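Trainee: Below you'll find entry_17.cif; it's mmCIF, C-alpha atoms.
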data_structure
loop_
_atom_site.label_atom_id
_atom_site.label_comp_id
_atom_site.auth_asym_id
_atom_site.auth_seq_id
_atom_site.Cartn_x
_atom_site.Cartn_y
_atom_site.Cartn_z
CA MET W 30 23.69 11.57 -12.60
CA SER W 31 22.84 14.64 -14.65
CA VAL W 32 20.69 17.76 -14.60
CA LEU W 33 17.87 18.74 -16.96
CA LEU W 34 17.25 22.49 -17.13
CA ARG W 35 13.77 23.79 -17.77
CA GLY W 36 13.01 26.96 -19.74
CA ASP W 37 12.93 28.97 -16.50
CA LEU W 38 16.40 27.53 -15.68
CA THR W 39 15.06 25.40 -12.82
CA PRO W 40 17.44 22.41 -12.44
CA PHE W 41 15.97 18.90 -12.20
CA VAL W 42 18.22 16.03 -11.12
CA LEU W 43 18.12 12.86 -13.22
CA ARG W 44 19.27 9.40 -12.13
CA PRO W 45 20.27 10.27 -8.53
CA TYR W 46 21.67 7.44 -6.45
CA ARG W 47 19.07 5.88 -4.15
CA GLU W 48 19.79 3.70 -1.15
CA THR W 49 17.69 2.25 1.68
CA ILE W 50 19.37 3.02 5.00
CA GLN W 51 18.43 1.32 8.25
CA MET W 52 18.33 3.33 11.47
CA SER W 53 20.82 1.43 13.64
CA GLY W 54 21.78 4.15 16.10
CA HIS W 55 22.01 7.88 15.40
CA SER W 56 25.79 8.07 15.26
CA LEU W 57 26.18 5.03 12.98
CA PHE W 58 23.27 6.22 10.84
CA LYS W 59 24.88 9.61 10.20
CA LYS W 60 28.27 7.99 9.61
CA GLU W 61 26.74 5.73 6.94
CA ILE W 62 25.06 8.74 5.31
CA ARG W 63 28.34 10.67 5.13
CA LEU W 64 30.17 7.65 3.65
CA LEU W 65 27.49 7.33 0.96
CA SER W 66 27.76 11.06 0.31
CA GLU W 67 31.50 10.76 -0.33
CA ASN W 68 30.79 8.32 -3.15
CA TYR W 69 27.51 9.56 -4.58
CA GLY W 70 27.38 13.32 -4.05
CA ASN W 71 27.16 16.12 -1.50
CA TYR W 72 23.48 16.88 -2.16
CA ALA W 73 20.87 14.63 -0.60
CA ARG W 74 17.38 14.14 0.78
CA PHE W 75 16.00 11.47 3.08
CA PHE W 76 12.49 10.03 3.17
CA LYS W 77 11.25 7.88 6.05
CA GLN W 78 9.67 4.58 5.01
CA PRO W 79 6.78 2.72 6.71
CA ASP W 80 9.17 0.10 8.14
CA GLY W 81 11.26 2.78 9.90
CA SER W 82 14.10 2.78 7.38
CA TYR W 83 15.02 5.79 5.23
CA GLU W 84 15.38 6.16 1.47
CA GLY W 85 18.48 8.26 0.89
CA VAL W 86 18.76 10.10 -2.44
CA PHE W 87 22.22 11.43 -3.38
CA SER W 88 23.56 13.54 -6.25
CA HIS W 89 26.65 15.50 -7.19
CA ASP W 90 24.33 18.24 -8.47
CA ALA W 91 21.76 20.44 -6.77
CA GLY W 92 18.19 20.52 -8.04
CA TYR W 93 14.70 19.08 -7.73
CA LEU W 94 13.98 15.34 -7.87
CA LEU W 95 12.21 15.05 -11.21
CA GLY W 96 10.99 11.48 -10.83
CA ASP W 97 9.51 12.14 -7.38
CA LEU W 98 7.78 15.33 -8.55
CA ILE W 99 6.13 13.54 -11.49
CA TRP W 100 5.14 10.61 -9.27
CA GLN W 101 3.62 13.07 -6.79
CA HIS W 102 1.77 14.88 -9.61
CA PHE W 103 -0.07 11.64 -10.45
CA ALA W 104 -1.01 11.00 -6.77
CA LYS W 105 1.71 8.39 -6.19
CA PRO W 106 0.36 5.16 -7.70
CA ASP W 107 2.27 2.05 -6.60
CA ASN W 108 3.52 1.43 -10.15
CA LEU W 109 3.88 4.21 -12.73
CA ILE W 110 5.30 4.67 -16.23
CA TYR W 111 5.50 8.22 -17.60
CA CYS W 112 6.88 9.08 -21.05
CA GLU W 113 7.03 12.62 -22.47
CA GLU W 114 8.44 13.58 -25.86
CA LEU W 115 11.26 16.13 -25.48
CA PRO W 116 12.12 18.90 -27.96
CA GLU W 117 15.48 17.17 -28.54
CA ALA W 118 14.84 14.81 -31.46
CA GLY W 119 14.84 11.12 -30.58
CA TYR W 120 14.70 11.64 -26.81
CA THR W 121 11.97 11.00 -24.28
CA LEU W 122 11.62 11.93 -20.62
CA MET W 123 10.90 8.68 -18.80
CA VAL W 124 9.92 7.92 -15.20
CA ILE W 125 9.27 4.42 -13.82
CA VAL W 126 8.00 3.77 -10.29
CA ILE W 127 7.93 0.19 -8.95
CA ASP W 128 6.31 -0.77 -5.65
CA GLY W 129 6.14 2.83 -4.47
CA LYS W 130 9.77 3.73 -5.23
CA VAL W 131 11.26 5.65 -8.14
CA PHE W 132 13.11 3.04 -10.20
CA LEU W 133 14.16 5.21 -13.16
CA ASP W 134 13.98 8.91 -14.07
CA ASN W 135 15.99 9.92 -17.10
CA LYS W 136 16.20 11.61 -20.49
CA ILE W 137 16.60 8.58 -22.70
CA ASN W 138 16.89 7.81 -26.40
CA HIS W 139 14.25 5.66 -28.01
CA ARG W 140 16.40 2.54 -28.35
CA ASP W 141 17.33 2.49 -24.66
CA LEU W 142 13.76 3.32 -23.71
CA LEU W 143 12.53 0.17 -25.41
CA GLU W 144 15.21 -1.86 -23.60
CA GLU W 145 14.18 -0.45 -20.21
CA LEU W 146 10.53 -1.22 -20.87
CA ALA W 147 11.40 -4.75 -22.00
CA THR W 148 12.79 -5.51 -18.51
CA LEU W 149 9.35 -4.79 -17.05
CA SER W 150 7.79 -7.63 -19.01
CA ALA W 151 9.34 -10.05 -16.49
CA THR W 152 7.48 -8.48 -13.55
CA PRO W 153 3.97 -9.46 -12.43
CA LEU W 154 3.07 -5.79 -11.85
CA SER W 155 0.50 -3.62 -13.60
CA PHE W 156 1.26 0.06 -14.19
CA SER W 157 -0.58 3.34 -14.45
CA VAL W 158 0.76 4.58 -17.81
CA TYR W 159 0.84 8.21 -18.99
CA VAL W 160 2.32 9.35 -22.30
CA CYS W 161 2.61 12.74 -23.96
CA GLY W 162 3.67 13.36 -27.55
CA ASP W 163 5.23 10.99 -30.04
CA THR W 164 6.98 8.41 -27.85
CA PRO W 165 7.88 4.76 -28.58
CA LEU W 166 5.39 3.65 -25.91
CA SER W 167 1.85 3.48 -27.25
CA ASP W 168 -1.50 1.83 -26.75
CA HIS W 169 -1.80 1.07 -30.49
CA PRO W 170 0.62 -1.01 -32.61
CA GLY W 171 2.71 0.79 -35.20
CA ALA W 172 6.18 1.15 -36.68
CA GLY W 173 8.70 1.81 -33.93
CA LYS W 174 6.02 1.50 -31.25
CA LEU W 175 5.93 -0.74 -28.19
CA VAL W 176 2.59 -1.87 -26.77
CA LEU W 177 2.75 -3.35 -23.27
CA ASP W 178 0.88 -6.57 -22.55
CA THR W 179 -2.60 -5.90 -21.21
CA GLU W 180 -1.76 -7.53 -17.86
CA ARG W 181 1.06 -4.97 -17.41
CA VAL W 182 -1.31 -1.99 -17.83
CA ASN W 183 -3.68 -0.89 -15.09
CA SER W 184 -4.65 2.30 -16.98
CA PHE W 185 -3.34 4.11 -20.07
CA SER W 186 -3.71 7.90 -20.43
CA ARG W 187 -2.51 10.16 -23.23
CA LEU W 188 -1.87 13.77 -22.16
CA THR W 189 -2.56 16.64 -24.56
CA GLU W 190 -0.01 19.00 -22.93
CA ALA W 191 3.52 18.32 -21.78
CA LEU W 192 3.89 18.12 -18.01
CA PHE W 193 7.58 19.01 -17.61
CA PRO W 194 7.43 22.72 -18.69
CA THR W 195 4.78 23.50 -16.03
CA LEU W 196 5.57 20.85 -13.40
CA ALA W 197 4.84 22.26 -9.92
CA LEU W 198 7.83 22.47 -7.57
CA ASP W 199 7.87 21.15 -4.01
CA PRO W 200 10.59 22.32 -1.59
CA HIS W 201 10.41 18.95 0.17
CA LEU W 202 11.66 17.33 -3.07
CA GLN W 203 14.66 19.62 -3.51
CA LEU W 204 18.10 18.17 -2.78
CA LEU W 205 19.99 19.91 0.03
CA PRO W 206 23.67 20.12 1.02
CA ILE W 207 24.42 16.93 2.93
CA GLU W 208 24.73 18.48 6.41
CA THR W 209 21.51 20.47 5.91
CA ALA W 210 19.75 17.30 4.77
CA ILE W 211 20.95 15.47 7.90
CA SER W 212 19.79 18.29 10.18
CA GLU W 213 16.36 18.23 8.46
CA LEU W 214 15.89 14.69 9.83
CA LYS W 215 15.90 16.02 13.43
CA ILE W 216 17.06 12.60 14.60
CA ASP W 217 18.97 14.09 17.55
CA GLN W 218 15.90 15.77 19.01
CA PRO W 219 14.52 12.63 20.74
CA LEU W 220 18.05 11.94 22.01
CA ARG W 221 18.25 15.38 23.66
CA ILE W 222 14.89 14.79 25.36
CA PHE W 223 16.06 11.38 26.53
CA ILE W 224 19.28 12.83 27.95
CA ALA W 225 17.33 15.50 29.81
CA LEU W 226 15.02 12.89 31.31
CA MET W 227 17.93 10.68 32.31
CA PHE W 228 19.70 13.64 33.90
CA GLY W 229 16.57 14.37 35.94
CA LEU W 230 16.30 10.73 36.97
CA VAL W 231 19.94 10.62 38.06
CA LEU W 232 19.49 13.85 40.00
CA LEU W 233 16.45 12.45 41.85
CA THR W 234 18.39 9.28 42.62
CA LEU W 235 21.28 11.25 44.09
CA ILE W 236 18.86 13.23 46.25
CA GLY W 237 17.33 9.95 47.43
CA TRP W 238 20.73 8.62 48.41
CA TRP W 239 21.48 11.80 50.27
CA VAL W 240 18.19 11.68 52.22
CA GLU W 241 18.05 7.99 53.02
CA GLU W 242 20.62 5.59 54.30
CA LEU W 243 20.76 2.78 51.85
CA PRO W 244 21.22 -0.81 53.07
CA THR W 245 24.36 -2.64 52.08
CA THR W 246 23.76 -5.06 49.24
CA ALA W 247 25.81 -8.02 48.15
CA THR W 248 27.65 -7.76 44.86
CA LEU W 249 26.08 -9.94 42.22
CA LYS W 250 28.30 -11.57 39.64
CA PRO W 251 26.93 -11.45 36.11
CA VAL W 252 26.03 -14.82 34.65
CA GLN W 253 27.05 -15.30 31.05
CA VAL W 254 24.54 -17.25 29.00
CA GLU W 255 25.32 -18.33 25.47
CA LEU W 256 22.35 -17.88 23.17
CA PRO W 257 21.47 -21.02 21.19
CA ALA W 258 21.23 -18.90 18.04
CA GLN W 259 24.44 -16.96 18.64
CA HIS W 260 26.30 -18.69 15.81
CA TYR W 261 23.40 -17.87 13.49
CA LEU W 262 23.43 -14.23 14.59
CA ASP W 263 27.18 -14.05 14.01
CA ALA W 264 26.74 -15.47 10.52
CA MET W 265 24.06 -12.86 9.77
CA GLN W 266 26.31 -9.95 10.73
CA THR W 267 27.14 -9.55 7.05
CA PRO W 268 26.11 -7.08 4.34
CA ASP W 269 22.58 -7.29 2.96
CA PRO W 270 22.89 -9.22 -0.35
CA ALA W 271 20.27 -6.94 -1.93
CA ASN W 272 22.51 -3.92 -1.32
CA GLN W 273 25.59 -5.80 -2.50
CA LEU W 274 24.01 -6.64 -5.86
CA ARG W 275 22.67 -3.08 -6.25
CA TYR W 276 26.16 -1.68 -5.68
CA LEU W 277 27.51 -4.20 -8.19
CA ALA W 278 24.89 -3.19 -10.80
CA ASN W 279 25.81 0.49 -10.34
CA ALA W 280 29.50 -0.36 -10.75
CA ILE W 281 28.74 -2.18 -14.02
CA VAL W 282 26.86 0.86 -15.33
CA LEU W 283 29.94 2.93 -14.55
CA LEU W 284 32.06 0.52 -16.63
CA TYR W 285 29.95 1.32 -19.70
CA SER W 286 31.56 4.77 -19.74
CA LEU W 287 35.08 3.28 -20.08
CA PRO W 288 36.34 4.67 -23.44
CA GLY W 289 38.06 2.29 -25.85
CA TRP W 290 37.89 -0.67 -23.49
CA GLN W 291 35.32 -3.36 -22.77
CA ALA W 292 34.53 -5.06 -19.49
CA VAL W 293 34.44 -8.82 -20.11
CA THR W 294 33.98 -10.46 -16.70
CA VAL W 295 33.00 -9.11 -13.28
CA THR W 296 33.88 -11.28 -10.29
CA TYR W 297 32.74 -10.57 -6.75
CA ASP W 298 33.67 -12.55 -3.63
CA ASN W 299 31.56 -11.05 -0.83
CA GLY W 300 33.87 -8.23 0.17
CA ASN W 301 34.18 -4.60 -0.74
CA LEU W 302 36.16 -5.25 -3.93
CA ALA W 303 34.93 -6.43 -7.32
CA SER W 304 37.49 -7.48 -9.93
CA VAL W 305 36.80 -6.70 -13.57
CA GLU W 306 38.64 -8.14 -16.56
CA VAL W 307 38.80 -5.58 -19.36
CA HIS W 308 40.01 -5.93 -22.96
CA SER W 309 41.03 -3.17 -25.32
CA LEU W 310 38.81 -2.14 -28.22
CA GLY W 311 41.53 0.11 -29.56
CA GLY W 312 41.80 2.28 -26.48
CA SER W 313 45.22 3.15 -25.08
CA LEU W 314 46.58 2.14 -21.68
CA ASP W 315 47.14 5.81 -20.92
CA ASN W 316 43.43 6.57 -21.32
CA LEU W 317 42.54 3.50 -19.26
CA LEU W 318 44.77 4.61 -16.38
CA LYS W 319 43.47 8.18 -16.51
CA TRP W 320 39.84 7.02 -16.47
CA ALA W 321 40.56 4.63 -13.59
CA ALA W 322 42.30 7.36 -11.58
CA ALA W 323 39.39 9.75 -12.12
CA ASN W 324 37.00 7.10 -10.80
CA ARG W 325 39.25 5.92 -7.92
CA ILE W 326 39.72 2.47 -9.42
CA THR W 327 42.87 0.36 -9.09
CA VAL W 328 44.30 -1.17 -12.30
CA GLU W 329 46.60 -4.18 -12.68
CA LEU W 330 47.99 -4.73 -16.18
CA ASN W 331 48.40 -8.25 -17.56
CA ARG W 332 49.09 -9.95 -20.88
CA ASP W 333 45.37 -10.20 -21.78
CA GLY W 334 44.60 -6.58 -21.02
CA ALA W 335 43.98 -5.39 -17.48
CA THR W 336 42.16 -6.22 -14.29
CA MET W 337 40.37 -3.41 -12.48
CA TYR W 338 39.41 -3.46 -8.79
CA LEU W 339 36.31 -1.51 -7.84
CA THR W 340 35.63 -0.59 -4.22
CA LEU W 341 32.00 -1.11 -3.25
CA PRO W 342 30.59 0.49 -0.08
CA MET W 343 29.30 -2.22 2.26
CA PHE W 344 27.40 -1.99 5.54
CA ASN W 345 26.24 -4.90 7.68
CA ARG W 346 22.51 -5.45 7.97
CA SER W 347 21.12 -4.10 11.22
CA ASN W 348 17.87 -6.01 11.81
CA VAL W 349 18.36 -9.77 12.23
CA ASP W 350 15.80 -12.22 13.60
CA LYS W 351 17.14 -13.95 16.72
CA VAL W 352 15.52 -17.24 15.70
CA PRO W 353 16.53 -18.78 12.37
CA LEU W 354 13.68 -19.19 9.92
CA ASN W 355 12.70 -22.54 8.48
CA THR W 356 15.07 -23.26 5.61
CA GLN W 357 12.45 -24.87 3.37
CA ALA W 358 10.15 -21.87 3.78
CA THR W 359 12.98 -19.47 2.91
CA LEU W 360 13.93 -21.51 -0.17
CA ALA W 361 10.31 -21.52 -1.33
CA VAL W 362 10.11 -17.73 -0.98
CA LEU W 363 13.41 -17.32 -2.84
CA VAL W 364 12.32 -19.53 -5.77
CA ASP W 365 8.93 -17.79 -6.03
CA ARG W 366 10.48 -14.34 -5.94
CA MET W 367 13.06 -15.19 -8.59
CA MET W 368 10.31 -16.46 -10.86
CA GLN W 369 8.84 -12.95 -10.76
CA VAL W 370 11.90 -11.42 -12.44
CA ILE W 371 13.49 -14.42 -14.22
CA PRO W 372 10.72 -16.45 -15.88
CA GLN W 373 12.87 -19.47 -16.63
CA LYS W 374 14.13 -21.81 -13.89
CA SER W 375 17.09 -20.02 -12.35
CA VAL W 376 17.54 -21.39 -8.80
CA THR W 377 19.55 -24.57 -8.10
CA ILE W 378 19.79 -25.98 -4.55
CA ASN W 379 23.25 -27.49 -4.17
CA GLY W 380 23.31 -29.00 -0.67
CA GLU W 381 23.19 -28.23 3.02
CA THR W 382 25.57 -28.32 5.98
CA ALA W 383 24.54 -28.64 9.64
CA LEU W 384 26.12 -26.04 11.94
CA GLY W 385 24.81 -26.90 15.40
CA TYR W 386 21.61 -24.98 16.09
CA PHE W 387 21.17 -23.99 12.44
CA LYS W 388 22.23 -25.12 9.01
CA LYS W 389 23.27 -23.48 5.77
CA THR W 390 22.13 -24.38 2.27
CA ASP W 391 24.16 -23.41 -0.79
CA VAL W 392 22.13 -22.06 -3.70
CA THR W 393 23.05 -20.96 -7.24
CA VAL W 394 21.04 -18.38 -9.15
CA GLU W 395 21.75 -18.38 -12.90
CA ILE W 396 21.04 -15.26 -14.94
CA LYS W 397 21.06 -14.87 -18.72
CA ASN W 398 21.14 -11.67 -20.76
CA LEU W 399 19.98 -9.26 -18.05
CA SER W 400 20.62 -5.53 -18.02
CA PRO W 401 22.08 -3.88 -14.88
CA ALA W 402 18.59 -2.49 -14.23
CA ALA W 403 17.19 -6.03 -14.27
CA LEU W 404 19.99 -7.13 -11.92
CA LYS W 405 18.65 -4.57 -9.43
CA LEU W 406 15.24 -6.24 -9.72
CA VAL W 407 16.92 -9.55 -8.87
CA ALA W 408 18.62 -7.84 -5.92
CA GLY W 409 15.30 -6.60 -4.60
CA GLN W 410 14.00 -10.17 -4.34
CA LEU W 411 16.66 -10.94 -1.69
CA SER W 412 15.56 -8.18 0.70
CA GLY W 413 14.65 -9.32 4.20
CA LEU W 414 15.70 -12.96 3.72
CA PRO W 415 18.32 -14.77 5.88
CA ILE W 416 20.68 -15.10 2.93
CA VAL W 417 24.39 -14.37 2.49
CA LEU W 418 25.87 -13.51 -0.91
CA THR W 419 28.89 -15.81 -1.27
CA SER W 420 30.16 -14.81 -4.72
CA SER W 421 29.14 -13.98 -8.25
CA THR W 422 30.70 -14.27 -11.69
CA LEU W 423 29.09 -12.23 -14.46
CA ASN W 424 30.07 -12.07 -18.12
CA LEU W 425 29.24 -8.94 -20.14
CA THR W 426 28.16 -9.30 -23.77
CA ASN W 427 26.65 -6.41 -25.70
CA GLY W 428 25.81 -4.66 -22.45
CA LEU W 429 23.94 -7.65 -20.99
CA LEU W 430 24.92 -9.85 -18.04
CA SER W 431 25.06 -13.65 -17.87
CA GLY W 432 26.53 -15.83 -15.16
CA THR W 433 25.90 -17.14 -11.66
CA ILE W 434 25.22 -15.72 -8.22
CA GLN W 435 26.17 -17.98 -5.30
CA LEU W 436 24.05 -17.63 -2.16
CA THR W 437 23.94 -19.28 1.25
CA VAL W 438 20.53 -19.65 2.91
CA LEU W 439 20.63 -19.80 6.71
CA GLY W 440 17.89 -21.46 8.76
CA ASN W 441 16.87 -24.23 11.11
#
Could you write out this file's structure as structure tokens?
Mentor:
Amino acid sequence: MSVLLRGDLTPFVLRPYRETIQMSGHSLFKKEIRLLSENYGNYARFFKQPDGSYEGVFSHDAGYLLGDLIWQHFAKPDNLIYCEELPEAGYTLMVIVIDGKVFLDNKINHRDLLEELATLSATPLSFSVYVCGDTPLSDHPGAGKLVLDTERVNSFSRLTEALFPTLALDPHLQLLPIETAISELKIDQPLRIFIALMFGLVLLTLIGWWVEELPTTATLKPVQVELPAQHYLDAMQTPDPANQLRYLANAIVLLYSLPGWQAVTVTYDNGNLASVEVHSLGGSLDNLLKWAAANRITVELNRDGATMYLTLPMFNRSNVDKVPLNTQATLAVLVDRMMQVIPQKSVTINGETALGYFKKTDVTVEIKNLSPAALKLVAGQLSGLPIVLTSSTLNLTNGLLSGTIQLTVLGN
């Protein structure tokens, strides 16, 4: 996360942390928000989504949400790419919106910009594209220029004046101190009304008891019924695999800032810890330990270098269907979705195990040479499916990820 100051000294937040948060009770909801704030910053804003969830945006810095303001300026198309040449030589202001959510907003050098745009070639989406100034993204071929495939472009517009210096501000897109942001949600207001109504109902009931003589009733013993799908529901009380992979991708981005050391392998076993094997590139152990302490990471030294243990925040999914979905239908959706972000065959079905009312099917997803940003696209394809992330082993080479993700599909 960083801040870009405009000429009038207005601060704009770049690369804030974004997380979809399910409303699973007011108390638990606020507890989850405060836990996320501890890790990702004490300034936040929350936006309610059509499905009733909230998009939480967190930053360690105060300021306006640049990506959201630019998206709003262009009337919020579902998919947007905006590139504006900055006065700083070799840098471009870049905003990408995918499926109605800000995917990237950053000041980025031309080499990294081309890499980010290359990840979009694997999506089936078409974008509204706006450029201003001399940027690597163009609608005409040329030296150092990237031209998107025609099927990726819904419209292409070239602006004559830079947007950032005169971008209109919106107080609803300004990050607030975390407690102020929570109070802005007004989520306790319906609860206070409900309590008042319940108090009135109880009061009327007490008056009724006082006026009338109630007949004696027999005490009924509760009957305990075991739900046929209870074992399935228990199995689904696990973290959302989409969130797990997003957290993992963010952790890998953090590892890129490790000075003098290189992350080689990242292993994750469906908990809140990811282990990372790191090798020295000339960096000292002292610097490694200082960097790890500053980022609250545990280090274990060994003969090959060191193993680092990263704590990932995990919260169980809140909305679970009581009836398991058809396994074959879920597998078909999974394969189709993965084809949208990984063109080559990536899903292998390993076998299934019957577990009474439902069964589980083990699946392997193989990835090759993906950036952490592309890993987030893979994560998004798992949203809403009855799937458990079992483990993953990812190797890092030249900043790209290759390896396997082990999943378990649950269904009838």
Trainee: Which distance in Å separates atom CA of W:Leu38 and atom CA of W:Pro116, to one decimal?
Mentor: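 Computing it gives 15.6 Å between the two atoms.
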Trainee: Rank nothing, just name the residue among W:Thr189, W:Asn355, W:Thr195, W:Ser420 nearest to W:Leu439, using all atoms listed in the file.
Mentor: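 Checking each candidate against W:Leu439, we get W:Asn355 as the closest.
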Trainee: Report as a PyMOL selection string the residues that result from applying the PyMOL selection byres ((chain W and resi 325-331) around 12) to the structure here.
Mentor: chain W and resi 67-68+280+283-284+287+302-309+314-324+332-341
Trainee: Do you know which residues the PyMOL selection byres ((chain W and resi 139) around 10) returns on this file, as an MDAnalysis selection string?
Mentor: chainID W and resid 118:121 136:138 140:145 164:166 173:174
Trainee: Using all atoms listed in the file, which of W:Asn345, W:Asn279, W:Leu133, W:Tyr285 sits nearest W:Leu404?
Mentor: W:Asn279
Trainee: Run through the PyMOL selection byres ((chain W and resi 45) around 9) on the given coordinates and return the selected residues as JSON, numbers by chain.
Mentor: {"W": [30, 31, 42, 43, 44, 46, 47, 69, 70, 86, 87, 88, 89, 90, 94, 134]}
Trainee: Neighbours of W:Leu423 within 8 Å (all atoms listed in the file; same-chain residues fewer than 4 positions away dropped), as a CSV table (one decimal) with C-alpha atoms, in the frame of the given file?
Mentor:
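In the end it all went to selection_27.csv:
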chain,number,residue,atom,x,y,z
W,294,THR,CA,34.0,-10.5,-16.7
W,295,VAL,CA,33.0,-9.1,-13.3
W,296,THR,CA,33.9,-11.3,-10.3
W,430,LEU,CA,24.9,-9.8,-18.0
W,431,SER,CA,25.1,-13.6,-17.9
W,432,GLY,CA,26.5,-15.8,-15.2
W,433,THR,CA,25.9,-17.1,-11.7
Trainee: Restricting the calculation to only C-alpha atoms, which member of W:Lys60, W:Lys215, W:Arg366, W:Lys388 is positioned closest to W:Phe75?
Mentor: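 Of W:Lys60, W:Lys215, W:Arg366, W:Lys388, the one nearest W:Phe75 is W:Lys215, counting only C-alpha atoms.
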Trainee: For the atom pair atom CA of W:Cys112 and atom CA of W:Val160, what is the interatomic distance in Å to one decimal place?
Mentor: 4.7 Å
